[in-house]
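Structure, as structure tokens:
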Amino acid sequence: MKVAAIQMVSTPRVDDNLQQALALVAEAAAAGAELVGLPEYFCLMGRRDADKLAIAEPDGHGPLQDALAAAARQHGIWLMGGTLPLQVPHQPGQPGQPERVFNSTLVWGPDGQRVARYDKIHLFGFRKGAEAYDEAATIERGDQVIAFDAPFGRVGAGVKHDPLGDHG
């Protein structure tokens with residue numbers, strides 16, 4: 001079994017990033033990969049944390065999800081869609097709740113049907129003097145470790161900084 005872990009340099013231009021990702025997925029599939037993984041936020045390297053809010057898709061449908069499902073089907077591969085921002089449903093009775101997204105890894109089977117969703121659990125943050133970064137400011141924490149079954153075995157999904165099996 002061949003696995004391809006795609007690396008790419010994403011930009012603030014979502015369409016360009018998606019086209020680059022789809023070309024790399026096609027290249028990996030042509031080389032015989034059965035499972036292809038895209039990197040975290042392959043779709044956007046924003047200039048500000050809030051940039052991901054503008055491109056967040058509802059769970060199950062949107063330009064990014066539709067394109068990745070079609071690529072999995074077209075190439076007959078298992079495709080792990082790096083991460084992309086999914087909208088957090090508004091919860092009634094939560095006024096003033098800051099706008100957030102899930103940082104989600106989605107997985108499609110060779111038929112283009114989604115088989116798994118993983119929302120990043122361990123959010124990254126640091127502060128050093130005036131320099132600071134806090135994913136929790138715009139990302140809603142996930143709460144479940146996931147795995148999916150494929151003909152080649154059971155596969156777990158995670159995002160860097162997320163140790164598999166650590167729910168804390």
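Residues are named by chain letter and number: chains run A, B, ... in the order of the structure tokens, numbers start at 1 in each chain, and ligands are numbered from 1 in the order shown.
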
Closest atom pairs, segment 82-149 of chain A residues within 7 Å of segment 40-51 of chain A, only C-alpha atoms, as CSV:
```
residue,atom,partner,partner_atom,distance
A:Gly82,CA,A:Glu40,CA,4.7
A:Thr83,CA,A:Glu40,CA,4.6
A:Leu84,CA,A:Tyr41,CA,5.5
A:Thr138,CA,A:Ala50,CA,6.7
```

Using N, CA and C atoms, can you write the selected residues to a file as a PDB file, in the first residue's frame?
```pdb
ATOM      1  N   GLY A  82      -6.548  17.249   4.988  1.00  0.00           N
ATOM      2  CA  GLY A  82      -5.752  18.137   5.846  1.00  0.00           C
ATOM      3  C   GLY A  82      -6.589  18.647   6.980  1.00  0.00           C
ATOM      4  N   THR A  83      -6.712  19.935   7.077  1.00  0.00           N
ATOM      5  CA  THR A  83      -7.781  20.529   7.863  1.00  0.00           C
ATOM      6  C   THR A  83      -8.347  21.677   7.056  1.00  0.00           C
ATOM      7  N   LEU A  84      -9.588  21.939   7.332  1.00  0.00           N
ATOM      8  CA  LEU A  84     -10.257  23.101   6.755  1.00  0.00           C
ATOM      9  C   LEU A  84     -11.240  23.610   7.795  1.00  0.00           C
ATOM     10  N   THR A 138     -10.143  31.654  17.934  1.00  0.00           N
ATOM     11  CA  THR A 138     -11.040  31.499  16.790  1.00  0.00           C
ATOM     12  C   THR A 138     -11.433  30.048  16.511  1.00  0.00           C
TER      13      THR A 138
END
```

**OP:** List the neighbours of Lys120 of chain A out to 9 Å using only C-alpha atoms; skip same-chain residues closer than 3 positions along the sequence, and give me the result as a ChimeraX atom specification.
**Re:** /A:83,102-105,123,139-145,158-162

**OP:** Please give the complete set of residues from chain A that DSSP, run on the backbone, assigns to helix (DSSP H, G or I), formatted as a ChimeraX atom specification.
**Re:** /A:14-30,51-55,63-75,135-137

Could those selected residues go to a file with C-alpha atoms, as a PDB file, in the first residue's frame?
```pdb
ATOM      1  CA  VAL A  14      -7.980  29.891  -1.284  1.00  0.00           C
ATOM      2  CA  ASP A  15      -8.657  29.125  -4.961  1.00  0.00           C
ATOM      3  CA  ASP A  16      -4.942  28.949  -5.774  1.00  0.00           C
ATOM      4  CA  ASN A  17      -4.312  26.696  -2.759  1.00  0.00           C
ATOM      5  CA  LEU A  18      -7.166  24.386  -3.713  1.00  0.00           C
ATOM      6  CA  GLN A  19      -5.931  24.077  -7.303  1.00  0.00           C
ATOM      7  CA  GLN A  20      -2.396  23.314  -6.077  1.00  0.00           C
ATOM      8  CA  ALA A  21      -3.736  20.708  -3.623  1.00  0.00           C
ATOM      9  CA  LEU A  22      -5.871  19.031  -6.304  1.00  0.00           C
ATOM     10  CA  ALA A  23      -2.898  18.872  -8.687  1.00  0.00           C
ATOM     11  CA  LEU A  24      -0.744  17.288  -5.958  1.00  0.00           C
ATOM     12  CA  VAL A  25      -3.501  14.799  -5.093  1.00  0.00           C
ATOM     13  CA  ALA A  26      -3.720  13.835  -8.788  1.00  0.00           C
ATOM     14  CA  GLU A  27       0.061  13.416  -8.938  1.00  0.00           C
ATOM     15  CA  ALA A  28       0.052  11.208  -5.826  1.00  0.00           C
ATOM     16  CA  ALA A  29      -2.791   9.078  -7.172  1.00  0.00           C
ATOM     17  CA  ALA A  30      -1.031   8.692 -10.535  1.00  0.00           C
ATOM     18  CA  ASP A  51      -9.316  35.045   8.004  1.00  0.00           C
ATOM     19  CA  LYS A  52     -10.418  31.431   8.450  1.00  0.00           C
ATOM     20  CA  LEU A  53     -13.834  32.615   9.659  1.00  0.00           C
ATOM     21  CA  ALA A  54     -14.555  34.144   6.239  1.00  0.00           C
ATOM     22  CA  ILE A  55     -14.048  30.857   4.382  1.00  0.00           C
ATOM     23  CA  PRO A  63     -16.493  24.472  -2.369  1.00  0.00           C
ATOM     24  CA  LEU A  64     -13.582  22.893  -0.470  1.00  0.00           C
ATOM     25  CA  GLN A  65     -15.480  19.831   0.714  1.00  0.00           C
ATOM     26  CA  ASP A  66     -17.122  19.287  -2.669  1.00  0.00           C
ATOM     27  CA  ALA A  67     -13.803  19.553  -4.528  1.00  0.00           C
ATOM     28  CA  LEU A  68     -12.074  17.077  -2.199  1.00  0.00           C
ATOM     29  CA  ALA A  69     -14.954  14.593  -2.397  1.00  0.00           C
ATOM     30  CA  ALA A  70     -14.825  14.818  -6.198  1.00  0.00           C
ATOM     31  CA  ALA A  71     -11.038  14.295  -6.195  1.00  0.00           C
ATOM     32  CA  ALA A  72     -11.340  11.170  -4.028  1.00  0.00           C
ATOM     33  CA  ARG A  73     -14.002   9.798  -6.389  1.00  0.00           C
ATOM     34  CA  GLN A  74     -12.154  10.798  -9.575  1.00  0.00           C
ATOM     35  CA  HIS A  75      -8.914   9.136  -8.492  1.00  0.00           C
ATOM     36  CA  GLU A 135      -5.783  29.143  18.293  1.00  0.00           C
ATOM     37  CA  ALA A 136      -8.521  29.089  20.945  1.00  0.00           C
ATOM     38  CA  ALA A 137      -9.395  32.683  20.039  1.00  0.00           C
TER      39      ALA A 137
END
```

**OP:** Report as a ChimeraX atom specification: the residues of segment 125-164 of chain A with a DSSP assignment of strand (DSSP E), based on the backbone of this structure.
**Re:** /A:125-128,131-134,146-150,153-157

Serialized selection, C-alpha atoms, as a JSON list (two decimals), in the first residue's frame:
```json
[["chain", "number", "residue", "atom", "x", "y", "z"],
["A", 125, "GLY", "CA", -0.94, 28.76, 21.84],
["A", 126, "PHE", "CA", 2.11, 30.63, 23.09],
["A", 127, "ARG", "CA", 3.16, 34.00, 24.42],
["A", 128, "LYS", "CA", 6.68, 35.43, 24.39],
["A", 131, "GLU", "CA", 4.49, 37.98, 20.40],
["A", 132, "ALA", "CA", 1.46, 35.76, 20.96],
["A", 133, "TYR", "CA", -0.63, 33.20, 19.16],
["A", 134, "ASP", "CA", -3.77, 31.55, 20.47],
["A", 146, "ILE", "CA", -11.56, 9.18, 15.57],
["A", 147, "ALA", "CA", -10.48, 6.31, 13.35],
["A", 148, "PHE", "CA", -11.92, 4.83, 10.20],
["A", 149, "ASP", "CA", -11.73, 1.41, 8.62],
["A", 150, "ALA", "CA", -10.36, 0.93, 5.12],
["A", 153, "GLY", "CA", -6.61, -1.38, 7.97],
["A", 154, "ARG", "CA", -7.80, 0.98, 10.67],
["A", 155, "VAL", "CA", -6.57, 4.55, 10.31],
["A", 156, "GLY", "CA", -6.56, 7.23, 13.02],
["A", 157, "ALA", "CA", -6.84, 10.92, 12.27]]
```

Subject >> Selected residue, from A:Pro151, A:Gly112, A:Pro12, A:Ala130, that lies nearest to Gly81 of chain A when counting only C-alpha atoms >> reply: A:Gly112

**OP:** Find, counting only C-alpha atoms, the residue in A:Val88, A:Leu106, A:Ala56, A:Ile6 that gets nearest to Tyr118 of chain A.
**Re:**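 That would be A:Leu106, the residue with the smallest distance to Tyr118 of chain A.
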
**OP:** Between A:Val107, A:Val115, A:Ala4, A:Val101, single out the one closest to Gly32 of chain A, counting only C-alpha atoms.
**Re:**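 For Gly32 of chain A, the nearest of the given residues is A:Ala4.
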
Subject >> Point-to-point distance from atom CA of Thr11 of chain A to atom CA of Asp59 of chain A, Å rounded to tenths >> reply: 23.2 Å
